[in-house]
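Trainee: I have a structure I would like to understand better, so I am pasting it below and will then ask my questions one at a time.
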Amino acid sequence: MQPANRYEQSLAPYACTSDKSRGRVYAEPDTGMRNAFQRDRDRIIHSTAFRRLEYKTQVFVNHEGDHYRTRLTHSIEVAQIARSICRAMHLHEDLAEAVALAHDLGHTPFGHSGQDVLNHLMRSFGGFEHNRQSLRIVEKLERRYASYPGLNLSYETREGLVKHQSPHDQPDAAGLDDYALHEQATLEAQIGNLSDEIAYNNHDVDDGLRAGMLSMDGLREVAIFRMHLEAVEQELPHIDVRLKASETIRRMINFMIVDVIEETGRRIAHHRIESLDDVRRAPELLVGFSALVAQMNEELKRYLFRHMYHHHRVVRMAAKAERVLRELFLAYMENPSMLPQGPRQRILGDSGLKVSEQKKARIIADYIAGMTDRYALDEYDRLFDIHAPS
């Protein structure tokens with residue numbers, strides 16, 4: 001028996017395994033040593049888009065400090081949480097990890113403010129949404145294989161990108177008929193989705209405290225933070241403030257993970273889930289928080305929106321980011337000859353005949369979305385600062 005098969009045979013009957021996969025767009029032989037979702041994960045890690053996440057904003061722009069989360073470190077943290085939940089529930093860790101690592105590949109520079117301005121600029125050309133862009137990257141834009149465009153990932157990994165949703169991300173259904181939007185995603189993809197929320201809520205607290213935008217005393221207003229902070233203070237009364245914050249956040253994450261495992265198990269039992277087909281036919285998401293923890297999590301999110309995401313430092317940087325991306329987009333649309341060779345060639349072609357305005361806009365959006373924060377800032381200087389080298 002091959003190692004991949006031994007692992008998959010140890011999983012729960014409703015886990016998604018390679019033999020249950022709906023396959024790849026371009027057929028490939030099975031290697032036997034790695035299951036399909038391991039191969040997906042490895043392709044994502046080796047992709048150009050994944051490396052660029054190192055210099056893309058989570059909340060703080062790269063130059064604001066070395067210790068704040070970036071899209072890359074956030075994605076790794078999401079993958080760790082997803083693997084922990086899957087292991088406890090005997091679900092496919094590799095599939096959940098692949099979805100987690102790929103979920104932000106399509107994010108623009110400068111976080112959600114970058115997505116918002118690009119969506120506004122693209123409103124006449126089909127809009128822009130980062131989950132759709134992540135799918136576009138893995139299906140078309142990555143160029144690593146001679147036999148096909150994109151990464152040729154398994155259906156289930158791509159489905160996890162399509163069905164990933166949060167308050168910031170609500171992709172429309174246009175052009176997604178191949179992804180059976182009436183079905184629930186696999187449990188592994190659902191876990192990747194909720195792990196994203198666990199990671200960014202808790203780690204934004206950590207970064208907010210580090211940046212001085214949040215305070216321990218202020219966060220006592222939030223029930224889930226207060227509960228764990230008081231436990232830390234009782235058990236470890238003499239530790240310093242930084243350690244106290246780390247201990248509190250670590251316990252909050254563990255508390256949420258345990259709740260997800262218990263609540264998801266309850267829903268699986270309630271709906272009598274015995275197979276992957278049962279998962280797909282379920283009338284509700286099977287992965288989630290209990291009612292109490294969901295309420296506590298919403299309270300935490302509301303606090304972060306009021307005190308961190310609307311903090312004047314974040315708002316000022318978002319306004320700068322919007323100006324940078326808007327002016328880059330409009331300049332490229334007006335004069336595509338300013339683009340580097342790759343996108344310029346796709347717009348102008350060998351004969352110099354331009355593509356349609358819609359296709360031109362999409363090529364430019366692809367180029368801008370792929371930029372890191374620092375590359376976008378440098379490109380802005382190259383185009384608009386007369387003293388900067390071209």
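Identifiers for the structure tokens are assigned positionally: chains receive A, B, ... in sequence, residues are indexed from 1 per chain, and ligands are indexed from 1 in the order shown.
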Go through segment 201-290 of chain A residue by residue and, counting only C-alpha atoms, keep those with an atom at most 8 Å from segment 6-20 of chain A; for each kept residue give the shortest atom pair and its distance in Å to one decimal, ordered by chain and increasing number, as a Markdown table.
Mentor:
```
| residue | atom | partner | partner_atom | distance |
| --- | --- | --- | --- | --- |
| A:Ile273 | CA | A:Tyr14 | CA | 7.0 |
| A:Glu274 | CA | A:Tyr14 | CA | 5.6 |
| A:Ser275 | CA | A:Tyr14 | CA | 4.0 |
| A:Leu276 | CA | A:Tyr14 | CA | 4.4 |
| A:Asp277 | CA | A:Tyr14 | CA | 7.8 |
| A:Asp278 | CA | A:Tyr14 | CA | 7.6 |
| A:Val279 | CA | A:Tyr14 | CA | 7.0 |
```
Trainee: Would you mind exporting the chosen residues as a compact mmCIF listing (two decimals), in the first residue's frame, restricted to N, CA and C atoms?
Mentor:
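This went into part.txt:
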```txt
# COMPACT_ATOMS: atom_id res chain seq x y z
N ILE A 273 -24.54 12.72 9.10
CA ILE A 273 -23.58 12.76 8.00
C ILE A 273 -22.72 11.50 8.05
N GLU A 274 -22.75 10.74 6.96
CA GLU A 274 -21.98 9.50 6.90
C GLU A 274 -21.08 9.41 5.67
N SER A 275 -21.18 10.40 4.77
CA SER A 275 -20.39 10.34 3.53
C SER A 275 -20.15 11.75 3.02
N LEU A 276 -19.25 11.87 2.05
CA LEU A 276 -19.00 13.16 1.42
C LEU A 276 -20.26 13.67 0.72
N ASP A 277 -21.03 12.76 0.11
CA ASP A 277 -22.28 13.18 -0.52
C ASP A 277 -23.23 13.78 0.49
N ASP A 278 -23.27 13.24 1.70
CA ASP A 278 -24.11 13.81 2.76
C ASP A 278 -23.65 15.21 3.11
N VAL A 279 -22.33 15.42 3.14
CA VAL A 279 -21.79 16.76 3.42
C VAL A 279 -22.29 17.74 2.38
```
Trainee: Find the residues around Arg326 of chain A up to 8 Å (only C-alpha atoms counted), leave out those fewer than 6 positions away in its own chain, and share them as a VMD selection string.
Mentor: chain A and resid 117 to 118 121
Trainee: One number please: atom CA of Ile261 of chain A to atom CA of Leu95 of chain A, in Å, one decimal.
Mentor: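 These atoms are spaced 17.2 Å apart.
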Trainee: Which residues are close to Pro336 of chain A, i.e. within 12 Å by only C-alpha atoms, leaving aside same-chain residues fewer than 4 positions away? Reply as number ranges by chain.
Mentor: A: 328-332, 340-349, 352-355, 357, 360-361, 363-364, 367
Trainee: Write the residues you've just listed into a file as a JSON list (two decimals), in the first residue's frame, and include C-alpha atoms for each of them.
Mentor:
```json
[["chain", "number", "residue", "atom", "x", "y", "z"],
["A", 328, "LEU", "CA", -1.63, 53.51, -11.63],
["A", 329, "PHE", "CA", -4.75, 51.97, -13.15],
["A", 330, "LEU", "CA", -5.83, 55.15, -14.95],
["A", 331, "ALA", "CA", -2.32, 55.80, -16.26],
["A", 332, "TYR", "CA", -2.00, 52.28, -17.68],
["A", 340, "PRO", "CA", 6.31, 46.24, -18.65],
["A", 341, "GLN", "CA", 6.73, 43.78, -21.48],
["A", 342, "GLY", "CA", 4.40, 40.98, -20.34],
["A", 343, "PRO", "CA", 1.13, 42.88, -19.86],
["A", 344, "ARG", "CA", 2.03, 45.35, -22.61],
["A", 345, "GLN", "CA", 2.46, 42.48, -25.07],
["A", 346, "ARG", "CA", -0.90, 40.98, -24.06],
["A", 347, "ILE", "CA", -2.61, 44.31, -24.70],
["A", 348, "LEU", "CA", -0.83, 45.57, -27.81],
["A", 349, "GLY", "CA", 0.25, 42.31, -29.44],
["A", 352, "GLY", "CA", 0.28, 46.86, -32.30],
["A", 353, "LEU", "CA", -3.49, 46.25, -32.51],
["A", 354, "LYS", "CA", -5.08, 46.80, -29.11],
["A", 355, "VAL", "CA", -7.47, 44.37, -27.43],
["A", 357, "GLU", "CA", -11.24, 47.96, -23.44],
["A", 360, "LYS", "CA", -7.27, 45.67, -21.48],
["A", 361, "ALA", "CA", -8.78, 46.58, -18.11],
["A", 363, "ILE", "CA", -5.00, 42.58, -17.94],
["A", 364, "ILE", "CA", -4.15, 45.78, -16.07],
["A", 367, "TYR", "CA", -0.98, 43.21, -13.15]]
```
Trainee: Which distance in Å separates atom CA of His107 of chain A and atom CA of Ala369 of chain A, to one decimal?
Mentor: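 Spanning atom CA of His107 of chain A to atom CA of Ala369 of chain A is a straight-line distance of 6.5 Å.
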Trainee: For the structure I just gave you, how does DSSP split segment 68-157 of chain A - specifically, which residues are helix (DSSP H, G or I)? Reply as a PyMOL selection string.
Mentor: chain A and resi 71-89+93-102+111-121+123-125+130-141+155-157
Trainee: Which residues are near Thr372 of chain A? Cut-off 10 Å, only C-alpha atoms, ignore same chain within fewer than 2 positions. Put them as a ChimeraX atom specification.
Mentor: /A:49,51-57,61-62,107-110,368-370,374-378
